[in-house]
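Undergrad: Compact mmCIF, C-alpha atoms and all ligand atoms, file data-v6.txt:
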```
# COMPACT_ATOMS: atom_id res chain seq x y z
CA MET A 1 -13.13 -14.44 12.84
CA ALA A 2 -14.63 -16.78 15.38
CA PRO A 3 -14.53 -15.69 19.03
CA PRO A 4 -11.41 -16.89 20.84
CA PRO A 5 -11.94 -20.39 22.19
CA THR A 6 -10.15 -19.72 25.46
CA LEU A 7 -9.60 -16.70 27.60
CA PRO A 8 -6.08 -15.70 28.43
CA GLU A 9 -4.52 -16.68 31.66
CA ASN A 10 -4.33 -13.56 33.77
CA SER A 11 -7.16 -13.05 36.20
CA PHE A 12 -8.13 -9.53 35.14
CA ALA A 13 -8.40 -10.44 31.47
CA ALA A 14 -11.81 -12.02 31.67
CA SER A 15 -13.33 -8.94 33.28
CA VAL A 16 -11.62 -6.34 31.06
CA HIS A 17 -14.13 -4.14 29.31
CA VAL A 18 -13.23 -4.14 25.63
CA ALA A 19 -15.01 -1.61 23.42
CA THR A 20 -15.63 -3.01 19.98
CA HIS A 21 -16.38 -1.23 16.74
CA LEU A 22 -16.77 -4.42 14.82
CA ALA A 23 -20.39 -5.45 14.26
CA PRO A 24 -21.02 -9.10 15.14
CA GLY A 25 -19.93 -11.25 12.21
CA TRP A 26 -18.08 -8.32 10.65
CA ALA A 27 -14.78 -10.15 10.30
CA GLN A 28 -16.45 -13.22 8.75
CA LYS A 29 -18.22 -11.02 6.23
CA ALA A 30 -15.07 -9.08 5.37
CA LEU A 31 -13.09 -12.30 5.03
CA ARG A 32 -15.71 -13.78 2.69
CA GLU A 33 -15.72 -10.71 0.48
CA GLU A 34 -11.97 -10.54 0.37
CA VAL A 35 -11.49 -14.23 -0.35
CA ARG A 36 -14.09 -14.24 -3.12
CA GLN A 37 -12.12 -11.48 -4.82
CA ALA A 38 -8.67 -12.79 -3.94
CA PHE A 39 -9.27 -16.27 -5.28
CA THR A 40 -10.98 -15.24 -8.48
CA SER A 41 -8.26 -12.80 -9.61
CA MET A 42 -4.61 -13.15 -10.54
CA PRO A 43 -2.24 -13.07 -8.77
CA LYS A 44 -3.96 -14.35 -5.64
CA GLU A 45 -3.54 -12.20 -2.56
CA LEU A 46 -4.88 -11.86 0.99
CA SER A 47 -4.50 -8.95 3.40
CA PRO A 48 -2.33 -9.51 6.47
CA ARG A 49 -4.99 -8.81 9.09
CA TRP A 50 -6.18 -12.43 8.71
CA LEU A 51 -2.84 -13.64 10.03
CA TYR A 52 -3.75 -12.65 13.58
CA ASP A 53 -6.18 -15.23 14.88
CA GLN A 54 -5.24 -16.63 18.29
CA ARG A 55 -2.65 -19.04 16.86
CA GLY A 56 -1.27 -16.37 14.51
CA SER A 57 -0.93 -13.86 17.33
CA GLU A 58 0.96 -16.45 19.40
CA LEU A 59 3.24 -17.23 16.46
CA PHE A 60 3.91 -13.54 15.88
CA ASP A 61 4.92 -13.21 19.50
CA GLN A 62 7.34 -16.12 19.04
CA ILE A 63 8.76 -14.39 15.95
CA THR A 64 9.55 -11.29 18.00
CA GLN A 65 11.70 -13.47 20.27
CA LEU A 66 13.74 -15.05 17.45
CA GLU A 67 17.40 -14.22 17.29
CA GLU A 68 17.05 -13.56 13.53
CA TYR A 69 14.17 -11.09 13.94
CA TYR A 70 16.17 -7.92 14.67
CA PRO A 71 13.31 -5.32 14.47
CA THR A 72 11.84 -6.03 17.91
CA GLU A 73 15.06 -5.62 19.88
CA ALA A 74 16.22 -2.69 17.76
CA GLU A 75 12.94 -0.88 18.37
CA ARG A 76 12.94 -1.79 22.06
CA ALA A 77 16.47 -0.35 22.44
CA LEU A 78 15.37 2.91 20.80
CA LEU A 79 12.32 3.12 23.05
CA THR A 80 14.41 2.40 26.14
CA ALA A 81 16.88 5.13 25.22
CA HIS A 82 14.32 7.79 24.25
CA ALA A 83 11.07 7.09 26.13
CA SER A 84 11.78 9.82 28.70
CA ASP A 85 12.45 12.34 25.94
CA ILE A 86 9.18 11.29 24.23
CA ALA A 87 7.28 11.68 27.50
CA ARG A 88 8.84 15.11 28.18
CA THR A 89 8.38 16.38 24.62
CA THR A 90 4.74 15.34 24.27
CA GLY A 91 3.64 15.69 27.91
CA VAL A 92 0.32 14.01 27.10
CA GLY A 93 -1.85 11.99 29.48
CA MET A 94 -3.41 9.67 26.93
CA ILE A 95 -1.58 7.17 24.75
CA VAL A 96 -3.38 5.27 21.99
CA GLU A 97 -1.57 2.37 20.33
CA LEU A 98 -2.70 1.05 16.96
CA GLY A 99 -2.05 -2.65 16.27
CA SER A 100 -0.88 -2.95 19.87
CA GLY A 101 -0.56 -6.76 19.93
CA SER A 102 1.01 -7.96 23.18
CA GLY A 103 1.97 -4.38 24.10
CA ASP A 104 5.29 -5.76 25.27
CA LYS A 105 7.55 -2.93 24.06
CA THR A 106 4.95 -0.30 24.85
CA ARG A 107 5.51 -0.85 28.54
CA THR A 108 8.88 0.90 28.18
CA LEU A 109 7.03 3.95 26.93
CA LEU A 110 4.27 3.77 29.53
CA ASP A 111 6.89 3.47 32.31
CA ALA A 112 8.40 6.77 31.20
CA PHE A 113 5.03 8.55 31.24
CA GLN A 114 4.29 7.02 34.61
CA SER A 115 7.65 8.18 36.07
CA GLN A 116 6.93 11.65 34.75
CA GLY A 117 3.53 11.53 36.48
CA THR A 118 1.45 12.19 33.35
CA LEU A 119 0.09 8.73 32.49
CA ARG A 120 -3.71 8.93 32.75
CA SER A 121 -4.98 6.45 30.19
CA PHE A 122 -3.81 3.93 27.63
CA VAL A 123 -5.95 2.73 24.74
CA PRO A 124 -4.58 -0.40 23.04
CA PHE A 125 -6.37 -0.82 19.70
CA ASP A 126 -6.17 -4.05 17.75
CA VAL A 127 -8.19 -6.31 15.49
CA SER A 128 -7.42 -9.24 17.79
CA GLU A 129 -9.65 -9.25 20.86
CA THR A 130 -7.74 -12.15 22.39
CA MET A 131 -4.48 -10.20 22.34
CA LEU A 132 -6.20 -7.10 23.67
CA ARG A 133 -7.66 -8.92 26.65
CA MET A 134 -4.36 -10.56 27.46
CA ALA A 135 -2.37 -7.33 27.14
CA ALA A 136 -4.93 -5.21 28.98
CA GLY A 137 -4.99 -7.61 31.93
CA LEU A 138 -1.22 -7.35 32.37
CA LEU A 139 -1.22 -3.59 31.87
CA HIS A 140 -3.93 -3.08 34.44
CA GLU A 141 -1.83 -4.91 37.01
CA ARG A 142 1.26 -2.87 36.13
CA TYR A 143 -0.43 0.56 35.99
CA PRO A 144 -3.29 0.35 38.52
CA GLU A 145 -3.68 4.13 38.62
CA ALA A 146 -4.15 4.51 34.88
CA GLU A 147 -7.28 3.78 32.89
CA ILE A 148 -6.65 0.90 30.48
CA ALA A 149 -9.35 1.07 27.82
CA PRO A 150 -8.85 -1.46 25.01
CA VAL A 151 -10.69 -1.03 21.74
CA VAL A 152 -11.23 -3.74 19.12
CA GLY A 153 -11.27 -2.33 15.65
CA ASP A 154 -9.68 -2.14 12.24
CA PHE A 155 -7.26 0.72 11.82
CA ASN A 156 -8.25 0.99 8.18
CA LEU A 157 -11.85 1.70 9.15
CA HIS A 158 -12.30 2.89 12.72
CA LEU A 159 -9.73 5.58 13.45
CA ASP A 160 -12.45 8.21 13.74
CA ARG A 161 -13.96 6.35 16.68
CA LEU A 162 -10.93 6.51 18.94
CA PRO A 163 -11.51 8.30 22.23
CA SER A 164 -10.18 11.87 22.27
CA PRO A 165 -11.05 13.57 25.55
CA GLN A 166 -7.61 15.18 25.85
CA ASN A 167 -4.32 15.59 23.99
CA ARG A 168 -3.06 12.24 22.75
CA LEU A 169 0.02 10.48 21.53
CA LEU A 170 -0.88 7.91 18.85
CA VAL A 171 1.66 5.11 18.65
CA PHE A 172 2.21 2.71 15.76
CA LEU A 173 5.09 0.33 16.44
CA GLY A 174 6.56 -2.92 15.19
CA GLY A 175 7.11 -1.79 11.60
CA THR A 176 3.42 -2.51 10.88
CA ILE A 177 3.41 0.57 8.61
CA GLY A 178 5.44 -1.62 6.21
CA ASN A 179 2.41 -3.89 5.64
CA PHE A 180 0.68 -1.22 3.55
CA TYR A 181 1.24 -0.71 -0.17
CA PRO A 182 2.38 2.86 -0.92
CA ALA A 183 -1.05 4.06 -2.09
CA GLU A 184 -2.77 2.46 0.93
CA ARG A 185 -0.13 4.00 3.19
CA THR A 186 -0.89 7.48 1.86
CA ILE A 187 -4.59 6.98 2.61
CA PHE A 188 -3.87 5.55 6.05
CA LEU A 189 -1.50 8.36 7.06
CA LYS A 190 -3.95 10.99 5.83
CA SER A 191 -6.84 9.51 7.76
CA LEU A 192 -4.62 9.16 10.80
CA ALA A 193 -3.60 12.84 10.55
CA ASN A 194 -7.28 13.70 10.14
CA THR A 195 -8.14 12.03 13.43
CA LEU A 196 -5.47 14.07 15.27
CA ARG A 197 -6.19 17.58 16.47
CA CYS A 198 -3.53 20.19 15.85
CA GLY A 199 -0.81 19.73 18.46
CA GLU A 200 -1.41 16.00 18.98
CA TRP A 201 1.45 13.57 18.46
CA PHE A 202 2.23 10.46 16.42
CA LEU A 203 5.07 8.05 17.23
CA LEU A 204 5.96 5.71 14.39
CA GLY A 205 8.35 2.75 14.49
CA ALA A 206 9.55 1.74 11.04
CA ASP A 207 12.06 -0.75 9.73
CA LEU A 208 14.70 0.73 7.45
CA VAL A 209 16.42 -0.28 4.23
CA LYS A 210 19.69 -2.06 4.93
CA ASP A 211 21.67 -5.10 3.79
CA SER A 212 19.03 -7.31 2.16
CA LYS A 213 20.63 -10.52 3.52
CA ARG A 214 20.02 -9.34 7.07
CA ILE A 215 16.41 -8.44 6.24
CA LEU A 216 15.74 -11.75 4.48
CA ARG A 217 17.13 -13.77 7.38
CA ALA A 218 14.68 -12.04 9.74
CA TYR A 219 11.78 -13.40 7.68
CA ASN A 220 13.25 -16.83 7.04
CA ASP A 221 14.25 -18.11 10.46
CA ASP A 222 15.94 -21.48 10.88
CA SER A 223 13.23 -22.79 13.22
CA GLY A 224 10.49 -22.12 10.65
CA VAL A 225 8.26 -20.02 12.93
CA THR A 226 7.69 -17.37 10.24
CA ALA A 227 6.75 -20.12 7.78
CA GLN A 228 4.16 -21.42 10.26
CA PHE A 229 2.86 -17.89 10.81
CA ILE A 230 2.32 -17.29 7.09
CA LEU A 231 0.94 -20.80 6.39
CA ASN A 232 -1.46 -20.29 9.31
CA SER A 233 -3.47 -18.02 6.99
CA LEU A 234 -4.57 -21.20 5.15
CA HIS A 235 -5.70 -22.76 8.44
CA VAL A 236 -7.74 -19.59 9.06
CA LEU A 237 -9.47 -20.02 5.69
CA ASN A 238 -10.12 -23.71 6.35
CA ARG A 239 -11.60 -23.01 9.77
CA GLU A 240 -13.49 -19.78 9.13
CA LEU A 241 -14.73 -20.48 5.62
CA ASP A 242 -15.08 -24.24 5.71
CA ALA A 243 -12.35 -24.62 3.10
CA ASP A 244 -10.33 -27.77 2.43
CA LEU A 245 -6.98 -26.35 1.38
CA PRO A 246 -4.30 -29.01 2.02
CA VAL A 247 -1.91 -26.87 4.06
CA GLU A 248 0.80 -29.58 3.99
CA ASP A 249 0.98 -29.21 0.19
CA PHE A 250 1.95 -25.53 0.37
CA SER A 251 5.38 -24.09 1.14
CA TYR A 252 6.39 -20.72 2.51
CA VAL A 253 8.24 -18.49 0.06
CA VAL A 254 9.89 -15.19 0.91
CA VAL A 255 11.63 -12.82 -1.49
CA TRP A 256 13.28 -9.45 -1.15
CA ASP A 257 11.86 -7.18 -3.84
CA GLU A 258 14.81 -4.94 -4.65
CA ASP A 259 12.83 -2.45 -6.75
CA GLU A 260 10.06 -1.92 -4.21
CA GLU A 261 12.41 -2.36 -1.23
CA ARG A 262 10.09 -4.75 0.52
CA ILE A 263 9.85 -8.27 1.81
CA ASP A 264 7.19 -10.28 0.02
CA MET A 265 5.76 -13.32 1.85
CA ARG A 266 3.73 -15.93 0.05
CA VAL A 267 2.54 -19.51 0.15
CA ARG A 268 3.30 -21.64 -2.93
CA ALA A 269 1.42 -24.75 -4.09
CA ASP A 270 3.82 -27.71 -4.25
CA ARG A 271 1.52 -29.54 -6.68
CA LYS A 272 -1.71 -28.95 -8.58
CA ILE A 273 -4.37 -28.27 -6.00
CA ASP A 274 -8.13 -28.32 -6.39
CA ALA A 275 -10.04 -27.29 -3.30
CA THR A 276 -13.32 -25.71 -2.27
CA ILE A 277 -14.09 -22.69 -0.09
CA GLY A 278 -17.20 -24.28 1.41
CA ALA A 279 -18.77 -21.14 2.87
CA LEU A 280 -18.62 -19.47 -0.55
CA ASN A 281 -19.39 -22.56 -2.55
CA LEU A 282 -16.31 -21.56 -4.51
CA PRO A 283 -14.00 -24.04 -6.22
CA VAL A 284 -10.39 -22.85 -6.18
CA SER A 285 -7.38 -24.26 -7.91
CA PHE A 286 -3.66 -23.64 -7.78
CA ALA A 287 -1.33 -24.64 -10.61
CA PRO A 288 1.89 -26.30 -9.42
CA GLY A 289 4.13 -23.50 -8.17
CA GLU A 290 1.30 -20.93 -8.08
CA GLU A 291 1.52 -18.50 -5.19
CA LEU A 292 -0.77 -16.60 -2.86
CA ARG A 293 0.72 -13.41 -1.43
CA VAL A 294 -0.08 -13.06 2.26
CA GLU A 295 1.98 -10.13 3.51
CA ILE A 296 4.48 -7.50 2.44
CA SER A 297 6.85 -5.65 4.74
CA ALA A 298 8.23 -2.49 3.20
CA LYS A 299 11.47 -1.00 4.48
CA PHE A 300 12.02 2.76 4.54
CA HIS A 301 14.54 5.55 3.98
CA PRO A 302 14.15 8.00 6.89
CA GLU A 303 14.03 11.14 4.73
CA ALA A 304 11.34 9.65 2.47
CA LEU A 305 9.23 8.64 5.46
CA VAL A 306 9.57 12.11 6.98
CA ALA A 307 8.35 13.55 3.65
CA GLU A 308 5.38 11.13 3.58
CA LEU A 309 4.39 12.15 7.09
CA ARG A 310 4.67 15.82 6.18
CA ALA A 311 2.55 15.31 3.06
CA ALA A 312 -0.10 13.75 5.30
CA GLY A 313 -0.01 16.76 7.61
CA MET A 314 2.36 15.60 10.35
CA VAL A 315 5.72 17.24 10.99
CA VAL A 316 8.55 15.14 12.42
CA HIS A 317 10.05 16.87 15.46
CA LYS A 318 12.49 14.17 16.49
CA GLN A 319 13.79 10.98 14.96
CA TRP A 320 16.08 8.30 16.28
CA ILE A 321 17.84 5.87 13.97
CA ALA A 322 19.54 2.74 15.34
CA ALA A 323 23.12 2.07 14.21
CA GLY A 324 23.34 0.31 10.86
CA ASN A 325 19.83 1.53 9.94
CA GLU A 326 18.42 -1.29 12.04
CA PHE A 327 15.22 0.59 12.84
CA GLY A 328 13.80 4.11 13.14
CA LEU A 329 11.49 5.93 15.55
CA PHE A 330 9.79 9.10 14.31
CA LEU A 331 7.97 11.52 16.60
CA ALA A 332 5.66 13.73 14.56
CA ARG A 333 3.10 16.37 15.42
CA ARG A 334 -0.06 17.32 13.67
CA GLU A 335 0.56 20.96 12.93
CA VAL A 336 -1.42 21.96 9.90
CA GLU A 337 -4.98 21.64 8.78
CA ILE A 338 -5.34 19.48 5.67
C1 LIG B 1 3.31 -6.70 13.23
S1 LIG B 1 2.21 -6.88 14.59
C2 LIG B 1 2.87 -5.64 15.68
C3 LIG B 1 2.49 -5.86 17.11
C4 LIG B 1 3.12 -4.88 18.11
N1 LIG B 1 2.69 -3.51 17.85
C5 LIG B 1 4.62 -4.95 18.07
O1 LIG B 1 5.25 -3.90 17.86
O2 LIG B 1 5.18 -6.03 18.30
C6 LIG B 1 0.74 -6.16 13.95
C7 LIG B 1 -0.40 -5.99 14.95
O3 LIG B 1 -1.45 -5.26 14.29
C8 LIG B 1 -2.69 -5.93 14.42
N2 LIG B 1 -3.43 -5.65 13.18
C9 LIG B 1 -3.19 -6.12 11.94
N3 LIG B 1 -4.04 -5.60 11.05
C10 LIG B 1 -4.87 -4.78 11.76
C11 LIG B 1 -5.96 -3.92 11.41
N4 LIG B 1 -6.37 -3.85 10.14
N5 LIG B 1 -6.55 -3.20 12.38
C12 LIG B 1 -6.12 -3.28 13.69
N6 LIG B 1 -5.09 -4.07 14.08
C13 LIG B 1 -4.47 -4.81 13.13
C14 LIG B 1 -2.37 -7.40 14.62
O4 LIG B 1 -3.39 -8.08 15.32
C15 LIG B 1 -1.05 -7.30 15.40
O5 LIG B 1 -1.28 -7.24 16.79
```
Reformat the file's structure so that it appears as C-alpha cells.
TA:
Amino acid sequence: MAPPPTLPENSFAASVHVATHLAPGWAQKALREEVRQAFTSMPKELSPRWLYDQRGSELFDQITQLEEYYPTEAERALLTAHASDIARTTGVGMIVELGSGSGDKTRTLLDAFQSQGTLRSFVPFDVSETMLRMAAGLLHERYPEAEIAPVVGDFNLHLDRLPSPQNRLLVFLGGTIGNFYPAERTIFLKSLANTLRCGEWFLLGADLVKDSKRILRAYNDDSGVTAQFILNSLHVLNRELDADLPVEDFSYVVVWDEDEERIDMRVRADRKIDATIGALNLPVSFAPGEELRVEISAKFHPEALVAELRAAGMVVHKQWIAAGNEFGLFLARREVEI
C-alpha cells in the first residue's frame, strides 16, 4: 500500500521508531499477486488485510464505537474485570500485540501491568504503519517509563521476527482470529505457538456463537459504516492498482452462514460491470449480482477453541466468558514442544 499521506496528530508520532519487516513495495506486490488470482477465479475473493489503509483503519475505529457492534465493549468489559488477574498470572514484562490497531482496549491491560510494576515494554504489531504511529505516540505519553517498540509486519509471515529478549505475553484481540478460515487458523495458531518459548503466554479475544440476529446487526449497522468499510476495499484497488471499478455500482452484502457459523461480508455488483485493473493490464467483469467476498468473521464455541489452542501446543489456563456468550477471553500458555 502507498505510504500514508499524512502523519497522525500527536507530536510523538512523527518521531516514533517503527521497525518494519515489509520490504519496500512488498504490499503492492502482494496485492497485485492476490488480485490477479482473485479476479481470475470463481468465486472472487480478497483477503481482509487490504481493508486497513488509512481510511479503512479510521472506519474500523468508527465501527468499534457503534452501538450495534457489541464485540468491542464486551471485550473491554472482560479486560477491565480481569486485567489484574492476567498481569498477576503471567507476571511478564513484555507484551506483544498482534493486529494492535488503535490499541484502545489494550491500555486497560497495560494499566494493570503498570500498577503491578512489571510493565517493561510493549510491542504493537500491525500491517498498518499509520495506525501504529498514532497508537505508539499515545502510548508513549501514557507509559513514559516503558519501551514502546512498534513493528510493522504481516502476522501471517513475520511472527518469527518478533523481539523475544524475555518472557512475553502475546495478545490477539478484537475477534481478529475469526478472519481466518479454519485451515488457515490451524496454520496460524501453530506458527504462533512455535514462536513462543515454553512458559510464554497467549491472550486471545474471540467472538462467540450466539443469537444470529444479534451478530448480523453488528455487521449491518443503520448508519452504514460497515458498508463503507467493506466497499473501501474497492477504493483501495482503484488507488493502488490503477483500477476503474465503479464503487457506486456495488452494494454491501452480509450473510450469516449457519453451517460455518460465520459472518460473510461481500460486495455485490448492482449491474453488469466491465472494468480494468490498470496496473495488471487485466480486464475484469462482474455479472449483475456477482459478488466479491472481502471478509469473514467466524464465531466460536469456547470448548472447541480451547481444543484448537491445545492442538497447536497452547494450554488454556483461564477463560472468561461474557454473559450471553457475548465474547470470550482465553489465557493460554505454551507448555509443550510441538
Ligand atoms: C479487527 S481489527 C482489530 C484491531 C484491534 N486489535 C481491536 O481489538 O480493536 C484487525 C487489525 O489487524 C490488522 N491486520 C489485519 N491483517 C493483518 C495482517 N495480516 N498482519 C498484521 N496486522 C493485520 C489491521 O490493520 C487491524 O488493525
Undergrad: Which of these residues is nearest to Gly56 in chain A, using only C-alpha atoms: A:Ala323, A:Ile230, A:Ala193, A:Val315?
TA: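 Of A:Ala323, A:Ile230, A:Ala193, A:Val315, the one nearest Gly56 in chain A, counting only C-alpha atoms, is A:Ile230.
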Undergrad: Separation of CA of Ala27 in chain A and CA of Asn156 in chain A, in Å?
TA: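 About the pair CA of Ala27 in chain A and CA of Asn156 in chain A: they are 13.1 Å apart.
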Undergrad: Taking only C-alpha atoms and all ligand atoms into account, report as a PyMOL selection string which residues have an atom no farther than 6 Å from an atom of ligand LIG 1 (chain B).
TA: chain A and resi 49+52+99-101+126-128+153-156+173-174+176
Undergrad: Excluding Gln319 in chain A and its own-chain neighbours fewer than 6 positions away, which residues fall within 9 Å of it when counting all atoms listed in the file? Please give them as an NGL selection string.
TA: :A and (302 or 328-332)
Undergrad: Would you be able to write out as a ChimeraX atom specification which residues have an atom within 8 Å of (-0.7, 11.3, 22.5) in the file's coordinates, counting all atoms listed in the file?
TA: /A:90,92-96,167-171,200-202
Undergrad: For those residues, write C-alpha atoms to a file as a short mmCIF file (atom, residue, chain, number, x, y, z; two decimals), in the frame of the given file.
TA:
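After the write, again-v3.cif holds the following:
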```cif
data_model
loop_
_atom_site.label_atom_id
_atom_site.label_comp_id
_atom_site.auth_asym_id
_atom_site.auth_seq_id
_atom_site.Cartn_x
_atom_site.Cartn_y
_atom_site.Cartn_z
CA THR A 90 4.74 15.34 24.27
CA VAL A 92 0.32 14.01 27.10
CA GLY A 93 -1.85 11.99 29.48
CA MET A 94 -3.41 9.67 26.93
CA ILE A 95 -1.58 7.17 24.75
CA VAL A 96 -3.38 5.27 21.99
CA ASN A 167 -4.32 15.59 23.99
CA ARG A 168 -3.06 12.24 22.75
CA LEU A 169 0.02 10.48 21.53
CA LEU A 170 -0.88 7.91 18.85
CA VAL A 171 1.66 5.11 18.65
CA GLU A 200 -1.41 16.00 18.98
CA TRP A 201 1.45 13.57 18.46
CA PHE A 202 2.23 10.46 16.42
#
```
Undergrad: Extract, using all atoms listed in the file, all DNA, RNA and protein residues at most 9 Å from Arg55 in chain A, discarding same-chain residues fewer than 4 positions from it, and format them as an MDAnalysis selection string.
TA: chainID A and resid 51 59:60 229 232
Undergrad: At what distance in Å, to one decimal, does CA of Lys210 in chain A lie from CA of Ala74 in chain A?
TA: 13.3 Å
Undergrad: For a cut-off of 6 Å around (-12.2, -4.8, 21.8), file coordinates, pick out all residues using all atoms listed in the file and list them as a list of chain:residue names.
TA: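 With a cut-off of 6 Å, the residues come to A:Val18, A:Ala19, A:Thr20, A:Glu129, A:Pro150, A:Val151, A:Val152.
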Undergrad: Find the spatial neighbours of Leu280 in chain A, counting all atoms listed in the file, within a cut-off of 8 Å - ignore same-chain residues fewer than 6 positions away - and output them as a PDB file with C-alpha atoms, keeping the file's coordinate frame.
TA:
```pdb
ATOM      1  CA  ARG A  32     -15.710 -13.780   2.690  1.00  0.00           C
ATOM      2  CA  ARG A  36     -14.090 -14.240  -3.120  1.00  0.00           C
ATOM      3  CA  LEU A 241     -14.730 -20.480   5.620  1.00  0.00           C
TER       4      LEU A 241
END
```
Undergrad: Which one is closest to Asn179 in chain A: A:Arg76, A:Lys299, A:Arg310, A:Lys44? Count only C-alpha atoms.
TA: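 For Asn179 in chain A, the nearest of the given residues is A:Lys299.
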Undergrad: Please measure the separation of CA of Val294 in chain A and CA of Arg266 in chain A, giving the value in Å to one decimal.
TA: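 Computing the Euclidean distance for CA of Val294 in chain A and CA of Arg266 in chain A yields 5.3 Å.
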Undergrad: Hey, which of A:Thr72, A:Gln114, A:Gly313, A:Ser84 ends up closest to Ser191 in chain A? Count all atoms listed in the file.
TA: A:Gly313
Undergrad: For each of A:Leu78, A:Arg214, A:Gly91, A:Glu308, take the minimum atom-to-atom distance to Thr108 in chain A, counting only C-alpha atoms, then give the residue where this is smallest.
TA: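 Ranked by minimum distance to Thr108 in chain A, first place goes to A:Leu78.
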Undergrad: Might you pull out every residue within 12 Å of Asp85 in chain A, with all atoms listed in the file counted and same-chain residues fewer than 3 positions away left off, and present them as a list of chain:residue names?
TA: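 Listed by chain and then number, they are A:Leu78, A:Leu79, A:Thr80, A:Ala81, A:His82, A:Arg88, A:Thr89, A:Thr90, A:Gly91, A:Leu109, A:Ala112, A:Phe113, A:Ser115, A:Gln116, A:His317, A:Lys318, A:Gln319, A:Trp320, A:Leu331.
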Undergrad: Show me, as a list in words, the residues that have an atom within 10 Å of Ala227 in chain A when counting all atoms listed in the file, minus same-chain residues fewer than 5 positions from it.
TA: Leu59, Tyr219, Asn220, Asp221, Asp222, Asn232, Ser251, Tyr252, Val253, Val254, Met265, Arg266 and Val267 of chain A
Undergrad: Which of these, A:Glu141, A:Glu34, A:Glu303, A:Glu295, has the shortest distance to Leu237 in chain A once you count only C-alpha atoms?
TA: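 Closest to Leu237 in chain A, using only C-alpha atoms: A:Glu34.
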Undergrad: Between A:His17, A:His235, A:Lys213, A:Arg161, which residue has the minimum interatomic distance to Met134 in chain A, considering only C-alpha atoms?
TA: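 Of A:His17, A:His235, A:Lys213, A:Arg161, the one nearest Met134 in chain A, counting only C-alpha atoms, is A:His17.
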Undergrad: Box along x, y and z, 6 Å on every side, all listed atoms of range 244-257 of chain A inside: centre and edge lengths in Å to one decimal, as JSON.
TA:
```
{"center_x": 1.5, "center_y": -18.4, "center_z": 0.1, "size_x": 35.6, "size_y": 34.4, "size_z": 19.9}
```
